[in-house]
file query-v3.pdb (PDB, C-alpha atoms and all ligand atoms)
ATOM      1  CA  MET U  19       0.000   0.000   0.000
ATOM      2  CA  GLU U  20       1.470   3.269  -1.149
ATOM      3  CA  LEU U  21       1.030   6.361   0.946
ATOM      4  CA  ASN U  22       0.179   9.453  -1.047
ATOM      5  CA  GLN U  23       2.808  12.065  -0.277
ATOM      6  CA  THR U  24       0.381  14.961  -0.597
ATOM      7  CA  THR U  25      -2.019  13.357   1.869
ATOM      8  CA  LEU U  26       0.868  12.843   4.286
ATOM      9  CA  ILE U  27       1.961  16.473   4.048
ATOM     10  CA  ILE U  28      -1.604  17.708   4.516
ATOM     11  CA  GLY U  29      -1.933  15.441   7.519
ATOM     12  CA  VAL U  30       1.261  16.708   9.109
ATOM     13  CA  VAL U  31       0.344  20.335   8.449
ATOM     14  CA  ALA U  32      -3.127  19.742   9.919
ATOM     15  CA  LEU U  33      -1.605  18.190  13.053
ATOM     16  CA  LEU U  34       0.796  21.128  13.392
ATOM     17  CA  ILE U  35      -2.066  23.600  13.073
ATOM     18  CA  ILE U  36      -4.192  21.722  15.616
ATOM     19  CA  GLY U  37      -1.216  21.418  17.937
ATOM     20  CA  PHE U  38      -0.400  25.087  17.662
ATOM     21  CA  PHE U  39      -4.040  25.982  18.218
ATOM     22  CA  ILE U  40      -4.281  23.935  21.411
ATOM     23  CA  PHE U  41      -0.927  25.241  22.634
ATOM     24  CA  SER U  42      -1.817  28.872  21.970
ATOM     25  CA  GLN U  43      -5.206  28.417  23.630
ATOM     26  CA  ALA U  44      -3.520  27.316  26.829
ATOM     27  CA  THR U  45      -0.880  29.986  27.002
ATOM     28  CA  THR U  46      -2.146  33.154  25.351
ATOM     29  CA  PRO U  47      -1.194  36.296  27.268
ATOM     30  CA  MET U  48      -4.920  36.997  27.606
ATOM     31  CA  GLN U  49      -5.482  33.694  29.366
ATOM     32  CA  GLU U  50      -2.496  34.271  31.631
ATOM     33  CA  GLN U  51      -3.782  37.711  32.487
ATOM     34  CA  MET U  52      -7.213  36.316  33.321
ATOM     35  CA  ASN U  53      -5.662  33.649  35.561
ATOM     36  CA  ALA U  54      -3.550  36.253  37.338
ATOM     37  CA  MET U  55      -6.564  38.507  37.868
ATOM     38  CA  GLU U  56      -8.623  35.631  39.160
ATOM     39  CA  GLN U  57      -5.913  34.680  41.643
ATOM     40  CA  GLU U  58      -5.540  38.276  42.768
ATOM     41  CA  MET U  59      -9.264  38.547  43.392
ATOM     42  CA  GLU U  60      -9.289  35.334  45.403
ATOM     43  CA  GLU U  61      -6.432  36.627  47.533
ATOM     44  CA  MET U  62      -8.280  39.877  48.110
ATOM     45  CA  MET U  63     -11.425  38.028  49.126
ATOM     46  CA  ASP U  64      -9.523  35.756  51.492
ATOM     47  CA  GLY U  65      -6.911  38.114  52.853
ATOM     48  CA  GLU U  66      -8.737  41.386  53.067
ATOM     49  CA  VAL U  67     -10.822  40.893  56.181
ATOM     50  CA  ARG U  68      -9.568  39.665  59.528
ATOM     51  CA  VAL U  69     -12.465  37.781  61.077
ATOM     52  CA  ILE U  70     -12.615  37.616  64.857
ATOM     53  CA  ASN U  71     -15.275  35.598  66.622
ATOM     54  CA  VAL U  72     -16.368  36.943  69.994
ATOM     55  CA  ASP U  73     -18.840  35.233  72.298
ATOM     56  CA  GLY U  74     -20.878  37.162  74.837
ATOM     57  CA  SER U  75     -22.539  35.776  77.954
ATOM     58  CA  GLU U  76     -23.280  36.797  81.557
ATOM     59  CA  PHE U  77     -21.202  38.792  82.113
ATOM     60  CA  ARG U  78     -18.170  38.407  79.973
ATOM     61  CA  PHE U  79     -16.719  38.394  76.485
ATOM     62  CA  ASN U  80     -14.660  35.553  75.142
ATOM     63  CA  PRO U  81     -12.019  36.463  74.152
ATOM     64  CA  SER U  82     -11.849  39.517  76.387
ATOM     65  CA  THR U  83      -8.759  40.825  74.603
ATOM     66  CA  ILE U  84      -8.648  41.270  70.842
ATOM     67  CA  ARG U  85      -5.365  42.057  69.128
ATOM     68  CA  VAL U  86      -5.228  43.390  65.584
ATOM     69  CA  THR U  87      -2.698  45.138  63.414
ATOM     70  CA  LYS U  88      -2.986  48.748  62.352
ATOM     71  CA  GLY U  89      -4.439  49.007  58.875
ATOM     72  CA  GLU U  90      -6.313  45.742  59.044
ATOM     73  CA  ARG U  91      -9.916  45.482  58.038
ATOM     74  CA  VAL U  92     -11.501  43.726  60.987
ATOM     75  CA  ARG U  93     -14.798  41.908  61.112
ATOM     76  CA  VAL U  94     -16.013  41.063  64.601
ATOM     77  CA  VAL U  95     -18.619  38.343  64.542
ATOM     78  CA  PHE U  96     -20.400  38.623  67.855
ATOM     79  CA  ARG U  97     -22.415  35.670  69.074
ATOM     80  CA  ASN U  98     -24.687  35.720  72.085
ATOM     81  CA  VAL U  99     -24.052  32.454  73.910
ATOM     82  CA  GLY U 100     -25.736  33.635  77.117
ATOM     83  CA  THR U 101     -29.299  33.770  78.373
ATOM     84  CA  LEU U 102     -29.886  37.562  78.250
ATOM     85  CA  PRO U 103     -29.754  40.037  75.346
ATOM     86  CA  HIS U 104     -26.282  41.478  74.673
ATOM     87  CA  ASP U 105     -24.436  43.694  72.233
ATOM     88  CA  PHE U 106     -20.845  44.520  71.306
ATOM     89  CA  VAL U 107     -19.890  48.203  71.409
ATOM     90  CA  ILE U 108     -16.472  49.793  70.928
ATOM     91  CA  GLU U 109     -16.169  52.742  73.250
ATOM     92  CA  GLY U 110     -15.553  56.121  71.656
ATOM     93  CA  THR U 111     -16.671  54.944  68.212
ATOM     94  CA  ASN U 112     -19.962  54.335  66.482
ATOM     95  CA  ILE U 113     -19.032  50.693  66.007
ATOM     96  CA  ARG U 114     -21.705  48.547  67.602
ATOM     97  CA  THR U 115     -23.755  45.483  66.847
ATOM     98  CA  ARG U 116     -27.472  45.266  67.380
ATOM     99  CA  ILE U 117     -28.626  44.069  70.770
ATOM    100  CA  ILE U 118     -29.100  40.405  70.010
ATOM    101  CA  SER U 119     -31.027  37.656  71.708
ATOM    102  CA  PRO U 120     -29.491  34.439  73.027
ATOM    103  CA  GLY U 121     -28.357  32.289  70.131
ATOM    104  CA  GLU U 122     -28.177  35.186  67.675
ATOM    105  CA  THR U 123     -25.142  36.549  65.857
ATOM    106  CA  ASP U 124     -24.391  40.021  64.526
ATOM    107  CA  ALA U 125     -21.229  41.401  62.965
ATOM    108  CA  VAL U 126     -19.462  44.744  62.670
ATOM    109  CA  GLU U 127     -16.701  45.634  60.278
ATOM    110  CA  PHE U 128     -14.175  48.425  60.572
ATOM    111  CA  ILE U 129     -10.647  49.395  59.670
ATOM    112  CA  ALA U 130      -8.198  49.562  62.565
ATOM    113  CA  ASP U 131      -6.694  52.796  61.303
ATOM    114  CA  ARG U 132      -4.626  53.839  64.319
ATOM    115  CA  THR U 133      -2.659  52.113  67.024
ATOM    116  CA  GLY U 134      -3.844  52.181  70.604
ATOM    117  CA  GLU U 135      -6.076  50.468  73.051
ATOM    118  CA  LEU U 136      -9.844  50.705  72.975
ATOM    119  CA  THR U 137     -12.440  49.236  75.271
ATOM    120  CA  PHE U 138     -15.377  47.219  74.077
ATOM    121  CA  TYR U 139     -18.387  46.490  76.239
ATOM    122  CA  CYS U 140     -22.008  45.454  76.370
ATOM    123  CA  SER U 141     -24.366  48.423  76.605
ATOM    124  CA  VAL U 142     -27.326  46.464  77.965
ATOM    125  CA  GLY U 143     -28.444  47.251  81.536
ATOM    126  CA  ASN U 144     -25.625  47.040  84.055
ATOM    127  CA  HIS U 145     -23.768  44.335  82.127
ATOM    128  CA  ARG U 146     -20.643  46.423  81.711
ATOM    129  CA  ALA U 147     -20.461  47.184  85.434
ATOM    130  CA  ASN U 148     -20.781  43.452  86.024
ATOM    131  CA  GLY U 149     -17.661  42.840  83.992
ATOM    132  CA  MET U 150     -18.896  42.618  80.438
ATOM    133  CA  GLU U 151     -16.056  44.509  78.800
ATOM    134  CA  GLY U 152     -12.744  43.854  77.122
ATOM    135  CA  ASP U 153      -9.753  45.391  75.359
ATOM    136  CA  LEU U 154      -9.183  45.952  71.681
ATOM    137  CA  VAL U 155      -5.462  46.372  71.131
ATOM    138  CA  ILE U 156      -4.345  47.802  67.790
ATOM    139  CA  GLU U 157      -0.613  47.350  67.317
TER     140      GLU U 157
HETATM  141 CU    CU M   1     -24.763  42.192  77.914
END

call {"tool": "encode", "arguments": {"input": "query-v3.pdb", "output": "structure tokens", "more": "lines below"}}
Ligand SMILES: [Cu+2]
result
Amino acid sequence: MELNQTTLIIGVVALLIIGFFIFSQATTPMQEQMNAMEQEMEEMMDGEVRVINVDGSEFRFNPSTIRVTKGERVRVVFRNVGTLPHDFVIEGTNIRTRIISPGETDAVEFIADRTGELTFYCSVGNHRANGMEGDLVIE
């Protein structure tokens, strides 16, 4: 059986074109750029917010000291694990959760834009006087 030379050449050329097409699809600068952007966005989504879980009960916060770094975007997720309503308020700011019922969760988000030590507390009744307060340290 004799192989037609023209057919062979066409076949080889076709394979080269297909190969080049697949190769260029995988590595075009556009594709690389898209991958890089996608990765960057994922990093932003993951790395941008520092999430801190704080539990409130009678009459304490756990943890009672929160340490963050200046410049961080902080999200405090406050969960009421007690039997009375509670909230989470940062003294000297307008950062506060709603007063939430036992079992509920509310969150506040802020940027720790200066170093120092702030106090957080529960504004319900005499909870703070009973010890429901803590320190927010921004280093
Ligand atoms: Cu309280």

call {"tool": "residues_near_ligand", "arguments": {"input": "query-v3.pdb", "ligand": "ligand CU 1 (chain M)", "cutoff": "8 Å", "atoms": "all atoms listed in the file", "output": "ChimeraX atom specification"}}
result
/U:74-78,102-105,139-146,150

call {"tool": "residues_near_point", "arguments": {"input": "query-v3.pdb", "point": "(-1.2, 51.0, 68.8)", "cutoff": "8 Å", "atoms": "only C-alpha atoms", "output": "ChimeraX atom specification"}}
result
/U:88,132-135,155-157

call {"tool": "resolve_selection", "arguments": {"input": "query-v3.pdb", "expression": "the PyMOL selection byres (((chain U and resi 89) around 6) and not hetatm)", "output": "JSON, numbers by chain"}}
result
{"U": [88, 90, 130, 131]}

call {"tool": "residues_around", "arguments": {"input": "query-v3.pdb", "residues": "U:Asp124", "least_positions_apart": "2", "cutoff": "12 Å", "atoms": "only C-alpha atoms", "output": "list of chain:residue names"}}
result
U:Asn71, U:Val72, U:Asp73, U:Gly74, U:Arg93, U:Val94, U:Val95, U:Phe96, U:Arg97, U:Asn98, U:His104, U:Asp105, U:Phe106, U:Val107, U:Arg114, U:Thr115, U:Arg116, U:Ile117, U:Ile118, U:Ser119, U:Pro120, U:Gly121, U:Glu122, U:Val126, U:Glu127

call {"tool": "write_last_selection", "arguments": {"input": "query-v3.pdb", "atoms": "C-alpha atoms", "output": "compact mmCIF listing (two decimals), keeping the file's coordinate frame"}}
result
# COMPACT_ATOMS: atom_id res chain seq x y z
CA ASN U 71 -15.28 35.60 66.62
CA VAL U 72 -16.37 36.94 69.99
CA ASP U 73 -18.84 35.23 72.30
CA GLY U 74 -20.88 37.16 74.84
CA ARG U 93 -14.80 41.91 61.11
CA VAL U 94 -16.01 41.06 64.60
CA VAL U 95 -18.62 38.34 64.54
CA PHE U 96 -20.40 38.62 67.86
CA ARG U 97 -22.42 35.67 69.07
CA ASN U 98 -24.69 35.72 72.08
CA HIS U 104 -26.28 41.48 74.67
CA ASP U 105 -24.44 43.69 72.23
CA PHE U 106 -20.84 44.52 71.31
CA VAL U 107 -19.89 48.20 71.41
CA ARG U 114 -21.70 48.55 67.60
CA THR U 115 -23.76 45.48 66.85
CA ARG U 116 -27.47 45.27 67.38
CA ILE U 117 -28.63 44.07 70.77
CA ILE U 118 -29.10 40.40 70.01
CA SER U 119 -31.03 37.66 71.71
CA PRO U 120 -29.49 34.44 73.03
CA GLY U 121 -28.36 32.29 70.13
CA GLU U 122 -28.18 35.19 67.68
CA VAL U 126 -19.46 44.74 62.67
CA GLU U 127 -16.70 45.63 60.28

call {"tool": "atom_distance", "arguments": {"input": "query-v3.pdb", "atom1": "atom CA of U:Thr111", "atom2": "atom CA of U:Val99"}}
result
24.3 Å

call {"tool": "atom_distance", "arguments": {"input": "query-v3.pdb", "atom1": "atom CA of U:Glu66", "atom2": "atom CA of U:Thr87"}}
result
12.6 Å

call {"tool": "residues_around", "arguments": {"input": "query-v3.pdb", "residues": "U:Leu154", "least_positions_apart": "6", "cutoff": "6 Å", "atoms": "all atoms listed in the file", "output": "PDB file with C-alpha atoms, in the coordinates of the input"}}
result
ATOM      1  CA  THR U  83      -8.759  40.825  74.603  1.00  0.00           C
ATOM      2  CA  ILE U  84      -8.648  41.270  70.842  1.00  0.00           C
ATOM      3  CA  GLU U 135      -6.076  50.468  73.051  1.00  0.00           C
ATOM      4  CA  LEU U 136      -9.844  50.705  72.975  1.00  0.00           C
ATOM      5  CA  THR U 137     -12.440  49.236  75.271  1.00  0.00           C
TER       6      THR U 137
END

call {"tool": "atom_distance", "arguments": {"input": "query-v3.pdb", "atom1": "atom CA of U:Met48", "atom2": "atom CA of U:Val67"}}
result
29.4 Å

call {"tool": "closest_residue", "arguments": {"input": "query-v3.pdb", "among": "U:Met55, U:Ile108, U:Val69, U:Ile113", "to": "U:Phe138", "atoms": "all atoms listed in the file"}}
result
U:Ile108

call {"tool": "axis_aligned_box", "arguments": {"input": "query-v3.pdb", "around": "stretch 115-125 of chain U", "padding_each_side": "3 Å", "output": "lines of an AutoDock Vina configuration file"}}
result
center_x = -26.1
center_y = 38.9
center_z = 68.0
size_x = 15.8
size_y = 19.2
size_z = 16.1

call {"tool": "closest_residue", "arguments": {"input": "query-v3.pdb", "among": "U:Arg68, U:Gly110, U:Gly100, U:Ala54", "to": "U:Ile129", "atoms": "only C-alpha atoms"}}
result
U:Arg68
